[in-house]
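S.K.: Sharing a structure, written as structure tokens. Questions coming.
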Protein chains: 2
Amino acid sequence: MENIDSTYLAKLQDHYAENGVLPPYSTIMGIVGMKSKSPVAALVARLKLQGYLESTPEKRLKPGRRFFERPIFDSVRAGFPSPAGDANHDTLTIDEFLVSHPSSTVLVNVKGDSMIDAGILPGDTVIVEKRAVANVGDLVIAIIDNEFTLKTLGKEKNGYVLIPANPAYPVIRPKGDMEIFGIVVGQFRKYK
Amino acid sequence: MENIDSTYLAKLQDHYAENGVLPPYSTIMGIVGMKSKSPVAALVARLKLQGYLESTPEKRLKPGRRFFERPIFDSVRAGFPSPAGDANHDTLTIDEFLVSHPSSTVLVNVKGDSMIDAGILPGDTVIVEKRAVANVGDLVIAIIDNEFTLKTLGKEKNGYVLIPANPAYPVIRPKGDMEIFGIVVGQFRKYK
DNA sequence: ACAATAATGGAACGAACGTTCTATTGTCAA
DNA sequence: TTGACAATAGAACGTTCGTTCCATTATTGT
């Protein structure tokens with residue numbers, strides 16, 4: 001992608017992040033610094049070709065699949081990336097990366113600190129695929145005493161157990177069958 | 001809110017989740033099962049009053065502050081989706097939740113374990129807003145010896161320092177000015 | 001059952017839309 | 001410098017928009 005198109009795309013991404021919609025061409029003119037809808041139409045056509053924008057049936061613009069790509073750096077390369085989207089950067093789309101099966105995936109807030117040594121803090125959100133079957137070693141959401149609990153699934157000779165990652169909490173050995181709500185496939189946290 | 005309005009709102013939320021935009025009134029008619037734009041206008045007025053919808057300067061609809069309120073699971077309560085606490089995030093996409101300023105945001109892979117006690121593990125990805133100025137206490141990506149390093153920004157009498165969250169690592173006291181690449185606004189991890 | 005009110009359907013209208021065209025300006029290569 | 005091509009500005013146009021109005025239907029209370 002040309003550098004100038006990256007700059008225009010970034011301005012559209014900011015507008016979308018702030019407003020939740022993409023504007024009409026006449027407004028895009030102002031956003032990208034053009035004085036006519038003609039070059040906006042040309043820009044839109046280029047961005048459509050590359051998967052960043054699409055049109056709705058009503059001829060409005062909507063984000064394309066690539067609209068939410070974000071540049072990603074390897075932390076051992078302090079590279080001085082140019083912000084206006086060096087086209088050679090790797091990119092990652094967070095939702096596509098974290099959510100494989102949207103129809104069976106839910107987000108669950110983490111309330112306690114029983115998994116703190118595994119890097120899961122209170123206030124984090126975990127991404128849960130709803131499944132009743134899990135493997136030993138999986139992070140799972142189980143239902144104990146009608147409450148969700150997040151633990152690692154373990155196995156002892158008497159059956160399955162739930163292992164915390166915090167020495168202040170005991171291993172849970174449920175009587176009877178253990179109910180698994182789902183397996184944890186991801187986690188995220190916001191600082192600001 | 002009236003139950004019927006909740007149903008209409010849910011249909012609009014689904015449309016938005018799928019398309020990334022809200023449609024014009026004529027399309028909303030079809031979505032909610034009305035045959036005229038008049039009752040759509042009345043519905044929109046009600047939803048605006050309650051903070052679910054807003055208008056753009058171009059008279060298009062955009063999500064209001066409350067549009068993203070959706071039931072999500074709260075981990076202390078079992079099994080049935082119920083509204084989480086007031087201050088909880090709600091989001092249609094994780095990207096939307098974590099990325100506020102796309103044009104200045106990049107992702108950085110975490111390689112070391114110097115922040116392990118802060119719940120940031122090797123292999124995690126952090127979301128970085130590129131800024132040269134940070135506050136004490138912020139998680140920052142700094143550039144030391146031409147490499148990225150992730151630490152908490154601290155202050156000593158001789159200047160700013162970089163504080164790890166792992167006792168195996170020393171506080172870093174850069175000679176001369178410290179170069180801040182950006183501040184860390186979020187983090188995510190994938191398990192499977 | 002009847003009256004009052006609310007909700008909906010359909011029509012109308014000025015404004016804005018996306019698209020296309022032409023003229024002008026800008027860029028690049030010889 | 002000149003010519004060819006690309007990019008942009010400005011104008012035009014048929015379509016669609018959001019808004020408003022009025023008539024009809026639905027709902028509610030007495």
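By convention here, the chains of the structure tokens are called A, B, ... in the order presented, each chain's residues are numbered starting at 1, and ligands are numbered starting at 1 in the order presented.
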Pull the alpha helix (DSSP H) assignments for stretch 3-127 of chain B out of DSSP run on the backbone, and list those residues as a PyMOL selection string.
M.R.: chain B and resi 3-19+25-32+37-49+94-98
S.K.: Store the residues picked out above in a file with C-alpha atoms, as a tab-separated table (two decimals), in the first residue's frame.
M.R.:
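Saved file out_20.tsv follows:
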chain	number	residue	atom	x	y	z
B	3	ASN	CA	-39.75	-5.42	25.72
B	4	ILE	CA	-40.60	-4.77	22.13
B	5	ASP	CA	-38.00	-2.02	21.98
B	6	SER	CA	-35.43	-4.43	23.40
B	7	THR	CA	-36.21	-6.79	20.57
B	8	TYR	CA	-35.77	-4.04	18.00
B	9	LEU	CA	-32.55	-2.91	19.65
B	10	ALA	CA	-31.16	-6.44	19.61
B	11	LYS	CA	-31.86	-6.69	15.90
B	12	LEU	CA	-30.00	-3.45	15.33
B	13	GLN	CA	-27.10	-4.67	17.47
B	14	ASP	CA	-26.93	-7.87	15.45
B	15	HIS	CA	-26.95	-5.90	12.23
B	16	TYR	CA	-24.17	-3.70	13.52
B	17	ALA	CA	-22.14	-6.67	14.71
B	18	GLU	CA	-22.38	-8.20	11.29
B	19	ASN	CA	-21.93	-5.13	9.14
B	25	TYR	CA	-34.35	4.12	8.14
B	26	SER	CA	-35.61	2.41	5.00
B	27	THR	CA	-33.47	-0.64	5.79
B	28	ILE	CA	-34.31	-0.56	9.49
B	29	MET	CA	-37.97	-0.92	8.43
B	30	GLY	CA	-37.19	-4.34	7.04
B	31	ILE	CA	-35.01	-5.36	9.94
B	32	VAL	CA	-37.61	-4.63	12.63
B	37	LYS	CA	-40.26	5.08	8.12
B	38	SER	CA	-42.56	6.92	10.55
B	39	PRO	CA	-42.55	4.29	13.27
B	40	VAL	CA	-38.85	3.75	12.62
B	41	ALA	CA	-38.35	7.44	13.32
B	42	ALA	CA	-40.35	7.07	16.50
B	43	LEU	CA	-38.32	4.02	17.58
B	44	VAL	CA	-35.08	5.86	16.82
B	45	ALA	CA	-36.29	8.81	18.89
B	46	ARG	CA	-37.00	6.54	21.85
B	47	LEU	CA	-33.64	4.79	21.55
B	48	LYS	CA	-31.88	8.14	21.31
B	49	LEU	CA	-33.61	9.34	24.46
B	94	ILE	CA	-12.31	-7.02	21.32
B	95	ASP	CA	-10.44	-4.66	19.02
B	96	GLU	CA	-13.01	-1.97	19.65
B	97	PHE	CA	-12.56	-2.41	23.37
B	98	LEU	CA	-8.78	-2.41	23.37
S.K.: Tell me, how big is the Cα RMSD between chain A and chain B, fit done by least squares on all Cα paired in order?
M.R.: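 Across the paired C-alpha atoms, the RMSD reaches 5.0 Å.
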S.K.: Show which residues sit within 12 Å of D:DG29, as an MDAnalysis selection string. Count only C-alpha atoms (C1' of nucleotides), and ignore same-chain residues fewer than 3 positions away.
M.R.: chainID C and resid 2:5
S.K.: When the cut-off is 8 Å and we count only C-alpha atoms (C1' of nucleotides), which residues of chain D are near chain A, given as a ChimeraX atom specification?
M.R.: /D:7-10
S.K.: With all heavy atoms retained, write the just-selected residues as a compact mmCIF listing (two decimals), in the first residue's frame.
M.R.:
# COMPACT_ATOMS: atom_id res chain seq x y z
P DA D 7 -2.77 7.92 -10.04
OP1 DA D 7 -2.00 7.29 -8.96
OP2 DA D 7 -3.92 7.26 -10.65
O5' DA D 7 -3.21 9.36 -9.54
C5' DA D 7 -2.21 10.31 -9.16
C4' DA D 7 -2.88 11.62 -8.83
O4' DA D 7 -3.33 12.26 -10.05
C3' DA D 7 -4.11 11.48 -7.93
O3' DA D 7 -3.95 12.36 -6.83
C2' DA D 7 -5.28 11.86 -8.82
C1' DA D 7 -4.62 12.78 -9.84
N9 DA D 7 -5.26 12.82 -11.16
C8 DA D 7 -5.63 11.76 -11.95
N7 DA D 7 -6.17 12.11 -13.09
C5 DA D 7 -6.15 13.50 -13.06
C6 DA D 7 -6.58 14.47 -13.97
N6 DA D 7 -7.12 14.20 -15.16
N1 DA D 7 -6.42 15.78 -13.62
C2 DA D 7 -5.86 16.06 -12.43
N3 DA D 7 -5.41 15.23 -11.49
C4 DA D 7 -5.59 13.95 -11.86
P DT D 8 -5.05 12.46 -5.66
OP1 DT D 8 -4.31 12.70 -4.42
OP2 DT D 8 -5.98 11.31 -5.77
O5' DT D 8 -5.85 13.77 -6.02
C5' DT D 8 -5.11 14.98 -6.22
C4' DT D 8 -6.02 16.03 -6.81
O4' DT D 8 -6.42 15.64 -8.13
C3' DT D 8 -7.32 16.24 -6.03
O3' DT D 8 -7.28 17.55 -5.48
C2' DT D 8 -8.43 16.09 -7.07
C1' DT D 8 -7.68 16.19 -8.39
N1 DT D 8 -8.26 15.45 -9.53
C2 DT D 8 -8.70 16.15 -10.65
O2 DT D 8 -8.64 17.36 -10.73
N3 DT D 8 -9.19 15.38 -11.67
C4 DT D 8 -9.29 13.99 -11.69
O4 DT D 8 -9.75 13.40 -12.67
C5 DT D 8 -8.83 13.32 -10.50
C7 DT D 8 -8.89 11.82 -10.41
C6 DT D 8 -8.33 14.07 -9.49
P DA D 9 -8.48 18.10 -4.56
OP1 DA D 9 -7.86 18.99 -3.57
OP2 DA D 9 -9.33 16.98 -4.14
O5' DA D 9 -9.30 19.01 -5.58
C5' DA D 9 -8.62 20.04 -6.30
C4' DA D 9 -9.60 20.76 -7.19
O4' DA D 9 -9.94 19.91 -8.31
C3' DA D 9 -10.93 21.13 -6.53
O3' DA D 9 -11.23 22.46 -6.90
C2' DA D 9 -11.93 20.13 -7.09
C1' DA D 9 -11.34 19.82 -8.46
N9 DA D 9 -11.61 18.47 -8.97
C8 DA D 9 -11.42 17.28 -8.29
N7 DA D 9 -11.72 16.22 -9.00
C5 DA D 9 -12.13 16.73 -10.23
C6 DA D 9 -12.58 16.12 -11.41
N6 DA D 9 -12.67 14.81 -11.57
N1 DA D 9 -12.92 16.93 -12.46
C2 DA D 9 -12.81 18.25 -12.30
N3 DA D 9 -12.39 18.94 -11.23
C4 DA D 9 -12.07 18.12 -10.22
P DG D 10 -12.40 23.31 -6.16
OP1 DG D 10 -11.99 24.72 -6.16
OP2 DG D 10 -12.77 22.63 -4.90
O5' DG D 10 -13.62 23.14 -7.18
C5' DG D 10 -13.43 23.55 -8.52
C4' DG D 10 -14.61 23.13 -9.35
O4' DG D 10 -14.50 21.71 -9.65
C3' DG D 10 -15.97 23.32 -8.68
O3' DG D 10 -16.78 24.07 -9.58
C2' DG D 10 -16.51 21.91 -8.49
C1' DG D 10 -15.80 21.15 -9.60
N9 DG D 10 -15.65 19.72 -9.37
C8 DG D 10 -15.23 19.09 -8.22
N7 DG D 10 -15.19 17.79 -8.34
C5 DG D 10 -15.61 17.55 -9.64
C6 DG D 10 -15.78 16.32 -10.34
O6 DG D 10 -15.56 15.17 -9.93
N1 DG D 10 -16.23 16.51 -11.65
C2 DG D 10 -16.48 17.75 -12.19
N2 DG D 10 -16.90 17.74 -13.45
N3 DG D 10 -16.33 18.90 -11.56
C4 DG D 10 -15.90 18.71 -10.29
S.K.: Considering only C-alpha atoms, state which residue in the set A:Val185, A:Leu61, A:Val161, A:Leu139 is at the smallest distance from chain B.
M.R.: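 Result for the nearest residue to chain B: A:Val185.
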S.K.: Tell me as a PDB file with C-alpha atoms (C1' of nucleotides), in the first residue's frame which residues belonging to chain C come within 8 Å of chain B, counting only C-alpha atoms (C1' of nucleotides).
M.R.:
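Wrote selection_25.pdb, looks like this:
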ATOM      1  C1'  DA C   7     -48.892   3.811  17.026  1.00  0.00           C
ATOM      2  C1'  DT C   8     -48.403   2.907  12.330  1.00  0.00           C
ATOM      3  C1'  DG C   9     -48.644   3.483   7.231  1.00  0.00           C
ATOM      4  C1'  DG C  10     -48.075   6.228   3.246  1.00  0.00           C
TER       5       DG C  10
END
S.K.: Using DSSP assignments from the backbone, pull out every residue in chain A that falls under strand (DSSP E or B) and give it to me as a ChimeraX atom specification.
M.R.: /A:53-55,61-63,69-74,90-93,105-109,125-130,139-144,147-156,159-163,172,179-190
S.K.: Since we have the selection now, will you write its residues out, keeping C-alpha atoms, as a CSV table (one decimal), in the first residue's frame?
M.R.:
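After the write, selection06.csv holds the following:
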chain,number,residue,atom,x,y,z
A,53,LEU,CA,-13.5,-1.1,2.8
A,54,GLU,CA,-16.7,-2.5,1.4
A,55,SER,CA,-20.1,-1.1,0.4
A,61,LEU,CA,-19.2,2.4,3.2
A,62,LYS,CA,-18.5,-0.2,5.8
A,63,PRO,CA,-15.3,-1.7,7.2
A,69,GLU,CA,-5.6,-5.1,11.0
A,70,ARG,CA,-3.0,-3.7,13.4
A,71,PRO,CA,0.7,-3.6,12.9
A,72,ILE,CA,2.6,-6.0,15.1
A,73,PHE,CA,6.3,-5.8,16.1
A,74,ASP,CA,8.5,-8.4,17.6
A,90,ASP,CA,3.3,-7.9,9.9
A,91,THR,CA,-0.3,-7.3,10.9
A,92,LEU,CA,-2.7,-9.0,13.2
A,93,THR,CA,-6.5,-8.7,13.6
A,105,THR,CA,-17.6,-18.1,22.3
A,106,VAL,CA,-18.4,-15.9,25.2
A,107,LEU,CA,-16.4,-13.5,27.3
A,108,VAL,CA,-16.2,-14.0,31.1
A,109,ASN,CA,-15.0,-11.5,33.6
A,125,THR,CA,-11.5,-11.0,30.6
A,126,VAL,CA,-11.2,-14.6,29.4
A,127,ILE,CA,-12.5,-15.9,26.1
A,128,VAL,CA,-14.4,-19.1,26.6
A,129,GLU,CA,-15.5,-21.6,24.0
A,130,LYS,CA,-18.6,-23.3,25.4
A,139,LEU,CA,-7.8,-23.9,31.4
A,140,VAL,CA,-11.6,-24.3,32.0
A,141,ILE,CA,-14.6,-22.6,33.4
A,142,ALA,CA,-16.4,-25.1,35.6
A,143,ILE,CA,-19.6,-24.7,37.5
A,144,ILE,CA,-19.2,-25.4,41.2
A,147,GLU,CA,-20.9,-20.5,40.4
A,148,PHE,CA,-18.4,-20.2,37.7
A,149,THR,CA,-14.8,-20.9,38.6
A,150,LEU,CA,-11.7,-20.6,36.5
A,151,LYS,CA,-9.1,-23.2,37.0
A,152,THR,CA,-6.8,-25.7,35.3
A,153,LEU,CA,-8.3,-29.1,34.8
A,154,GLY,CA,-6.3,-31.8,36.5
A,155,LYS,CA,-6.7,-35.5,37.1
A,156,GLU,CA,-6.3,-37.6,40.2
A,159,GLY,CA,-11.4,-38.3,39.2
A,160,TYR,CA,-10.9,-34.8,37.8
A,161,VAL,CA,-9.9,-31.9,39.9
A,162,LEU,CA,-9.5,-28.1,39.5
A,163,ILE,CA,-6.1,-26.7,40.2
A,172,ILE,CA,-10.9,-28.4,44.3
A,179,GLU,CA,-19.7,-29.6,35.1
A,180,ILE,CA,-17.6,-27.9,32.5
A,181,PHE,CA,-19.0,-24.7,31.0
A,182,GLY,CA,-16.2,-24.2,28.5
A,183,ILE,CA,-12.6,-24.0,27.9
A,184,VAL,CA,-10.6,-20.8,28.0
A,185,VAL,CA,-8.9,-20.1,24.7
A,186,GLY,CA,-7.7,-16.6,25.3
A,187,GLN,CA,-7.5,-13.6,27.7
A,188,PHE,CA,-7.2,-9.9,27.5
A,189,ARG,CA,-6.8,-6.9,29.7
A,190,LYS,CA,-7.1,-3.1,29.3
S.K.: Find the distance between atom C1' of C:DA16 and atom C1' of D:DG18 and write it in Å to one decimal.
M.R.: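 Value for the atom C1' of C:DA16-atom C1' of D:DG18 distance: 9.7 Å.
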S.K.: Between A:Val136, A:Met115, A:Val171, A:Ile120, which is the closest to chain B once you count only C-alpha atoms?
M.R.: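 Smallest separation from chain B among the options: A:Ile120.
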